[in-house]
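J.: Contents of target-v8.pdb (PDB, C-alpha atoms, pLDDT in the B column):
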ATOM      1  CA  MET T   1     112.647 121.759 148.621  1.00 40.00           C
ATOM      2  CA  ASN T   2     110.532 121.631 145.418  1.00 37.00           C
ATOM      3  CA  ASN T   3     113.124 123.736 143.611  1.00 40.00           C
ATOM      4  CA  LYS T   4     115.710 121.169 144.601  1.00 44.00           C
ATOM      5  CA  ILE T   5     113.537 118.373 143.210  1.00 42.00           C
ATOM      6  CA  ASN T   6     112.873 120.308 139.981  1.00 42.00           C
ATOM      7  CA  SER T   7     116.565 120.995 139.484  1.00 45.00           C
ATOM      8  CA  ASN T   8     117.273 117.347 140.229  1.00 47.00           C
ATOM      9  CA  SER T   9     114.610 116.338 137.688  1.00 44.00           C
ATOM     10  CA  ASN T  10     116.274 118.539 135.069  1.00 44.00           C
ATOM     11  CA  ASN T  11     119.636 117.064 135.987  1.00 47.00           C
ATOM     12  CA  THR T  12     118.011 113.656 135.805  1.00 45.00           C
ATOM     13  CA  ASN T  13     116.885 114.206 132.228  1.00 42.00           C
ATOM     14  CA  ASN T  14     120.313 115.435 131.202  1.00 42.00           C
ATOM     15  CA  THR T  15     122.067 112.550 132.933  1.00 39.00           C
ATOM     16  CA  VAL T  16     119.768 109.910 131.442  1.00 42.00           C
ATOM     17  CA  GLN T  17     120.758 111.080 127.972  1.00 36.00           C
ATOM     18  CA  ASN T  18     124.480 110.491 128.739  1.00 42.00           C
ATOM     19  CA  ASN T  19     124.511 106.701 129.200  1.00 46.00           C
ATOM     20  CA  SER T  20     128.197 106.469 130.048  1.00 52.00           C
ATOM     21  CA  GLU T  21     129.917 104.593 132.816  1.00 64.00           C
ATOM     22  CA  SER T  22     131.007 107.822 134.490  1.00 69.00           C
ATOM     23  CA  ASP T  23     127.336 108.826 134.763  1.00 79.00           C
ATOM     24  CA  PHE T  24     126.696 105.592 136.635  1.00 77.00           C
ATOM     25  CA  TYR T  25     129.409 106.423 139.164  1.00 82.00           C
ATOM     26  CA  GLU T  26     128.160 110.012 139.430  1.00 87.00           C
ATOM     27  CA  LEU T  27     124.666 108.731 140.193  1.00 85.00           C
ATOM     28  CA  ILE T  28     126.020 106.455 142.915  1.00 85.00           C
ATOM     29  CA  ASP T  29     127.919 109.440 144.340  1.00 88.00           C
ATOM     30  CA  ARG T  30     124.755 111.580 144.240  1.00 88.00           C
ATOM     31  CA  LEU T  31     122.802 108.856 146.009  1.00 87.00           C
ATOM     32  CA  GLU T  32     125.460 108.597 148.683  1.00 87.00           C
ATOM     33  CA  ILE T  33     125.529 112.383 149.138  1.00 90.00           C
ATOM     34  CA  SER T  34     121.734 112.513 149.422  1.00 87.00           C
ATOM     35  CA  VAL T  35     121.726 109.879 152.141  1.00 87.00           C
ATOM     36  CA  ASP T  36     124.748 111.388 153.861  1.00 86.00           C
ATOM     37  CA  GLN T  37     123.182 114.863 153.909  1.00 87.00           C
ATOM     38  CA  ALA T  38     119.743 113.659 155.005  1.00 85.00           C
ATOM     39  CA  ARG T  39     118.368 115.214 158.167  1.00 87.00           C
ATOM     40  CA  ALA T  40     119.085 112.889 161.105  1.00 84.00           C
ATOM     41  CA  PHE T  41     116.747 111.958 163.945  1.00 84.00           C
ATOM     42  CA  PRO T  42     118.335 112.884 167.269  1.00 86.00           C
ATOM     43  CA  PHE T  43     120.169 110.073 169.068  1.00 86.00           C
ATOM     44  CA  THR T  44     119.695 107.536 166.237  1.00 85.00           C
ATOM     45  CA  ASP T  45     121.230 106.559 162.911  1.00 83.00           C
ATOM     46  CA  ASN T  46     117.834 107.069 161.255  1.00 86.00           C
ATOM     47  CA  CYS T  47     117.251 109.992 158.930  1.00 84.00           C
ATOM     48  CA  ILE T  48     114.643 111.674 156.766  1.00 85.00           C
ATOM     49  CA  VAL T  49     115.318 111.482 153.048  1.00 85.00           C
ATOM     50  CA  ASP T  50     113.610 113.054 150.077  1.00 85.00           C
ATOM     51  CA  ARG T  51     111.773 110.022 148.721  1.00 87.00           C
ATOM     52  CA  GLU T  52     111.146 111.493 145.266  1.00 90.00           C
ATOM     53  CA  GLU T  53     114.783 112.484 144.860  1.00 88.00           C
ATOM     54  CA  LEU T  54     116.019 109.034 145.907  1.00 88.00           C
ATOM     55  CA  LEU T  55     113.495 107.263 143.688  1.00 89.00           C
ATOM     56  CA  ILE T  56     114.613 109.395 140.745  1.00 89.00           C
ATOM     57  CA  LEU T  57     118.268 108.588 141.475  1.00 86.00           C
ATOM     58  CA  ILE T  58     117.508 104.875 141.803  1.00 86.00           C
ATOM     59  CA  SER T  59     115.601 104.975 138.514  1.00 86.00           C
ATOM     60  CA  MET T  60     118.521 106.729 136.841  1.00 85.00           C
ATOM     61  CA  ILE T  61     120.989 104.202 138.277  1.00 83.00           C
ATOM     62  CA  ARG T  62     118.809 101.369 137.003  1.00 81.00           C
ATOM     63  CA  GLU T  63     118.762 102.952 133.525  1.00 80.00           C
ATOM     64  CA  ASN T  64     122.549 103.426 133.564  1.00 77.00           C
ATOM     65  CA  LEU T  65     123.494  99.966 134.798  1.00 77.00           C
ATOM     66  CA  PRO T  66     126.621  98.633 133.102  1.00 75.00           C
ATOM     67  CA  ASN T  67     125.993  96.460 130.064  1.00 79.00           C
ATOM     68  CA  GLU T  68     127.562  93.482 131.852  1.00 80.00           C
ATOM     69  CA  ILE T  69     124.640  93.358 134.286  1.00 79.00           C
ATOM     70  CA  LYS T  70     122.106  93.615 131.483  1.00 79.00           C
ATOM     71  CA  GLN T  71     123.985  90.948 129.512  1.00 86.00           C
ATOM     72  CA  ALA T  72     124.157  88.629 132.529  1.00 84.00           C
ATOM     73  CA  LYS T  73     120.407  88.999 133.103  1.00 85.00           C
ATOM     74  CA  TRP T  74     119.726  88.358 129.422  1.00 88.00           C
ATOM     75  CA  LEU T  75     122.011  85.329 129.545  1.00 88.00           C
ATOM     76  CA  LEU T  76     120.232  83.895 132.580  1.00 89.00           C
ATOM     77  CA  ASP T  77     116.876  84.417 130.896  1.00 90.00           C
ATOM     78  CA  GLN T  78     118.155  82.699 127.755  1.00 92.00           C
ATOM     79  CA  ASN T  79     119.564  79.885 129.870  1.00 90.00           C
ATOM     80  CA  ARG T  80     116.174  79.318 131.514  1.00 92.00           C
ATOM     81  CA  GLN T  81     114.468  79.404 128.127  1.00 93.00           C
ATOM     82  CA  LEU T  82     116.941  76.896 126.634  1.00 90.00           C
ATOM     83  CA  ILE T  83     116.488  74.551 129.570  1.00 90.00           C
ATOM     84  CA  ALA T  84     112.699  74.806 129.288  1.00 92.00           C
ATOM     85  CA  GLU T  85     112.892  74.094 125.546  1.00 92.00           C
ATOM     86  CA  ALA T  86     115.236  71.146 126.141  1.00 90.00           C
ATOM     87  CA  ARG T  87     112.817  69.743 128.724  1.00 92.00           C
ATOM     88  CA  LYS T  88     109.886  70.163 126.354  1.00 94.00           C
ATOM     89  CA  GLU T  89     111.868  68.459 123.615  1.00 92.00           C
ATOM     90  CA  ALA T  90     112.843  65.649 125.976  1.00 90.00           C
ATOM     91  CA  GLU T  91     109.201  65.223 127.045  1.00 93.00           C
ATOM     92  CA  SER T  92     108.111  65.216 123.423  1.00 93.00           C
ATOM     93  CA  ILE T  93     110.729  62.619 122.590  1.00 90.00           C
ATOM     94  CA  MET T  94     109.610  60.536 125.577  1.00 92.00           C
ATOM     95  CA  ARG T  95     105.965  60.663 124.471  1.00 93.00           C
ATOM     96  CA  GLU T  96     106.965  59.769 120.935  1.00 92.00           C
ATOM     97  CA  ALA T  97     109.058  56.846 122.168  1.00 88.00           C
ATOM     98  CA  GLU T  98     106.205  55.609 124.380  1.00 87.00           C
ATOM     99  CA  ASN T  99     103.754  55.805 121.481  1.00 86.00           C
ATOM    100  CA  ARG T 100     106.123  53.904 119.224  1.00 79.00           C
ATOM    101  CA  MET T 101     106.730  51.275 121.852  1.00 77.00           C
ATOM    102  CA  THR T 102     103.011  50.760 122.407  1.00 80.00           C
ATOM    103  CA  ALA T 103     102.384  50.425 118.673  1.00 76.00           C
ATOM    104  CA  MET T 104     105.158  47.852 118.226  1.00 67.00           C
ATOM    105  CA  ILE T 105     104.760  45.873 121.414  1.00 71.00           C
ATOM    106  CA  ASP T 106     103.967  42.630 119.558  1.00 63.00           C
ATOM    107  CA  GLU T 107     107.063  42.782 117.396  1.00 67.00           C
ATOM    108  CA  HIS T 108     109.886  42.019 119.805  1.00 70.00           C
ATOM    109  CA  GLU T 109     112.832  42.954 117.581  1.00 71.00           C
ATOM    110  CA  ILE T 110     111.265  46.253 116.482  1.00 70.00           C
ATOM    111  CA  THR T 111     110.319  46.980 120.077  1.00 70.00           C
ATOM    112  CA  GLN T 112     113.925  46.475 121.188  1.00 78.00           C
ATOM    113  CA  LYS T 113     115.200  48.815 118.474  1.00 78.00           C
ATOM    114  CA  ALA T 114     112.636  51.454 119.408  1.00 78.00           C
ATOM    115  CA  LYS T 115     113.626  51.290 123.081  1.00 84.00           C
ATOM    116  CA  LEU T 116     117.281  51.611 122.171  1.00 89.00           C
ATOM    117  CA  GLN T 117     116.680  54.552 119.847  1.00 92.00           C
ATOM    118  CA  ALA T 118     114.444  56.303 122.386  1.00 92.00           C
ATOM    119  CA  GLY T 119     117.070  55.853 125.082  1.00 92.00           C
ATOM    120  CA  GLN T 120     119.797  57.220 122.835  1.00 94.00           C
ATOM    121  CA  THR T 121     117.638  60.140 121.802  1.00 92.00           C
ATOM    122  CA  ILE T 122     116.810  60.956 125.426  1.00 92.00           C
ATOM    123  CA  GLU T 123     120.447  60.576 126.420  1.00 94.00           C
ATOM    124  CA  ASN T 124     121.527  62.844 123.553  1.00 92.00           C
ATOM    125  CA  ALA T 125     118.895  65.422 124.524  1.00 89.00           C
ATOM    126  CA  ASN T 126     119.990  65.298 128.174  1.00 92.00           C
ATOM    127  CA  VAL T 127     123.671  65.600 127.224  1.00 93.00           C
ATOM    128  CA  SER T 128     122.892  68.499 124.908  1.00 91.00           C
ATOM    129  CA  ALA T 129     120.784  70.242 127.568  1.00 89.00           C
ATOM    130  CA  ALA T 130     123.519  69.709 130.170  1.00 92.00           C
ATOM    131  CA  GLN T 131     126.169  71.137 127.841  1.00 93.00           C
ATOM    132  CA  ILE T 132     124.050  74.175 127.017  1.00 88.00           C
ATOM    133  CA  ARG T 133     123.289  74.730 130.694  1.00 88.00           C
ATOM    134  CA  LYS T 134     126.966  74.327 131.718  1.00 92.00           C
ATOM    135  CA  LYS T 135     128.180  76.765 129.058  1.00 90.00           C
ATOM    136  CA  SER T 136     125.460  79.254 129.982  1.00 89.00           C
ATOM    137  CA  MET T 137     126.220  78.964 133.685  1.00 89.00           C
ATOM    138  CA  ASP T 138     129.991  79.332 133.083  1.00 92.00           C
ATOM    139  CA  TYR T 139     129.388  82.450 131.014  1.00 90.00           C
ATOM    140  CA  ALA T 140     126.994  83.870 133.616  1.00 89.00           C
ATOM    141  CA  LYS T 141     129.476  83.117 136.426  1.00 92.00           C
ATOM    142  CA  LYS T 142     132.237  84.874 134.514  1.00 93.00           C
ATOM    143  CA  LYS T 143     130.097  87.930 133.839  1.00 90.00           C
ATOM    144  CA  LEU T 144     128.837  88.036 137.421  1.00 90.00           C
ATOM    145  CA  GLY T 145     132.432  87.655 138.674  1.00 93.00           C
ATOM    146  CA  ASP T 146     133.494  90.574 136.501  1.00 92.00           C
ATOM    147  CA  LEU T 147     130.557  92.577 137.766  1.00 90.00           C
ATOM    148  CA  GLU T 148     131.403  91.668 141.361  1.00 92.00           C
ATOM    149  CA  GLU T 149     134.916  93.000 140.841  1.00 94.00           C
ATOM    150  CA  GLN T 150     133.562  96.244 139.382  1.00 92.00           C
ATOM    151  CA  LEU T 151     131.046  96.659 142.204  1.00 90.00           C
ATOM    152  CA  THR T 152     133.766  95.945 144.785  1.00 93.00           C
ATOM    153  CA  GLU T 153     135.920  98.633 143.217  1.00 93.00           C
ATOM    154  CA  MET T 154     132.958 101.013 143.282  1.00 90.00           C
ATOM    155  CA  LEU T 155     132.290 100.201 146.952  1.00 90.00           C
ATOM    156  CA  VAL T 156     135.931 100.809 147.847  1.00 93.00           C
ATOM    157  CA  THR T 157     135.810 104.130 145.985  1.00 92.00           C
ATOM    158  CA  ILE T 158     132.555 105.116 147.713  1.00 90.00           C
ATOM    159  CA  GLN T 159     133.960 104.233 151.118  1.00 92.00           C
ATOM    160  CA  LYS T 160     137.152 106.174 150.352  1.00 92.00           C
ATOM    161  CA  HIS T 161     135.147 109.256 149.317  1.00 90.00           C
ATOM    162  CA  LYS T 162     132.912 108.888 152.358  1.00 87.00           C
ATOM    163  CA  LYS T 163     135.951 108.819 154.661  1.00 90.00           C
ATOM    164  CA  GLU T 164     137.324 111.883 152.881  1.00 87.00           C
ATOM    165  CA  LEU T 165     134.060 113.711 153.609  1.00 83.00           C
ATOM    166  CA  ASN T 166     134.405 112.991 157.325  1.00 74.00           C
TER     167      ASN T 166
END
Please, can you express the file's structure as structure tokens?

T.:
Amino acid sequence: MNNKINSNSNNTNNTVQNNSESDFYELIDRLEISVDQARAFPFTDNCIVDREELLILISMIRENLPNEIKQAKWLLDQNRQLIAEARKEAESIMREAENRMTAMIDEHEITQKAKLQAGQTIENANVSAAQIRKKSMDYAKKKLGDLEEQLTEMLVTIQKHKKELN
């Protein structure tokens, strides 16, 4: 069993160096084979798997994930960061507008102008934040849709190969 793990570890190192899409599919196939060949408990669908081997395969799969997944995650992180920055900016603008309004409360005309400008600034910030969020979400949806198609194709292929093994 240890020899199997050591040979898998060597294969793991070689596979990690070849970050190609075919390696990703090969790793999925290896994972499926490992689970399929696991020793079964009698009268159940449960089985005993080599934890270290599966953890190594999962780690390798994670390292060889398609760029679309990594890009979608990066995009979502950027989206959250942009929204947080837009909120901070909006809060800052609100505080600034409140401070201005308090300072000019006695001067009615100036107060009216300050309220108008603060409202426009907040509206512009909200519109800008909404546009950024919408574009980010549209891009993320597209990338996730593409990824869903790829994963569906992979699942169909895996199921086809699994049926062929039966």

J.: Which polymer residues have any atom within 12 Å of an atom of Arg62 of chain T, counting all atoms listed in the file, with same-chain residues fewer than 3 positions away left out, as a PyMOL selection string?

T.: chain T and resi 16+19+23-25+27-28+55-59+65-67+69-70

J.: For Arg80 of chain T, please output as a list in words all residues within 12 Å (counting all atoms listed in the file; exclusion window: fewer than 2 positions along the same chain).

T.: Lys73, Trp74, Leu75, Leu76, Asp77, Gln78, Leu82, Ile83, Ala84, Glu85, Ala86, Arg87, Ala129, Ile132, Arg133, Lys134, Ser136, Met137 and Ala140 of chain T

J.: Find the residues near Asn99 of chain T: any atom within 12 Å, counting all atoms listed in the file, skip ones fewer than 4 places away on the same chain, and give them as a list in words.

T.: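 That gives Ser92, Ile93, Met94, Arg95, Ala103, Met104, Ile105, Thr111, Ala114, Lys115 and Ala118 of chain T.
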
J.: When you draw a straight line from atom CA of Asn166 of chain T to atom CA of Cys47 of chain T, how long is it in Å?

T.: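 According to the coordinates, atom CA of Asn166 of chain T and atom CA of Cys47 of chain T are separated by 17.5 Å.
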
J.: The PyMOL selection byres ((chain T and resi 143) around 10) on the file shown: which residues, as a VMD selection string?

T.: chain T and resid 68 to 69 71 to 73 75 137 to 142 144 to 149

J.: Report as AutoDock Vina command-line options the centre and the edge lengths, in Å to one decimal, of the axis-aligned box holding every listed atom of segment 21-39 of chain T, padded by 3 Å on each side.

T.:
--center_x 124.7 --center_y 109.9 --center_z 145.5 --size_x 18.6 --size_y 16.6 --size_z 31.4

J.: Using atom CA of Met101 of chain T and atom CA of Lys113 of chain T as the two end points, give the distance in Å to one decimal.

T.: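 Value for the atom CA of Met101 of chain T-atom CA of Lys113 of chain T distance: 9.4 Å.
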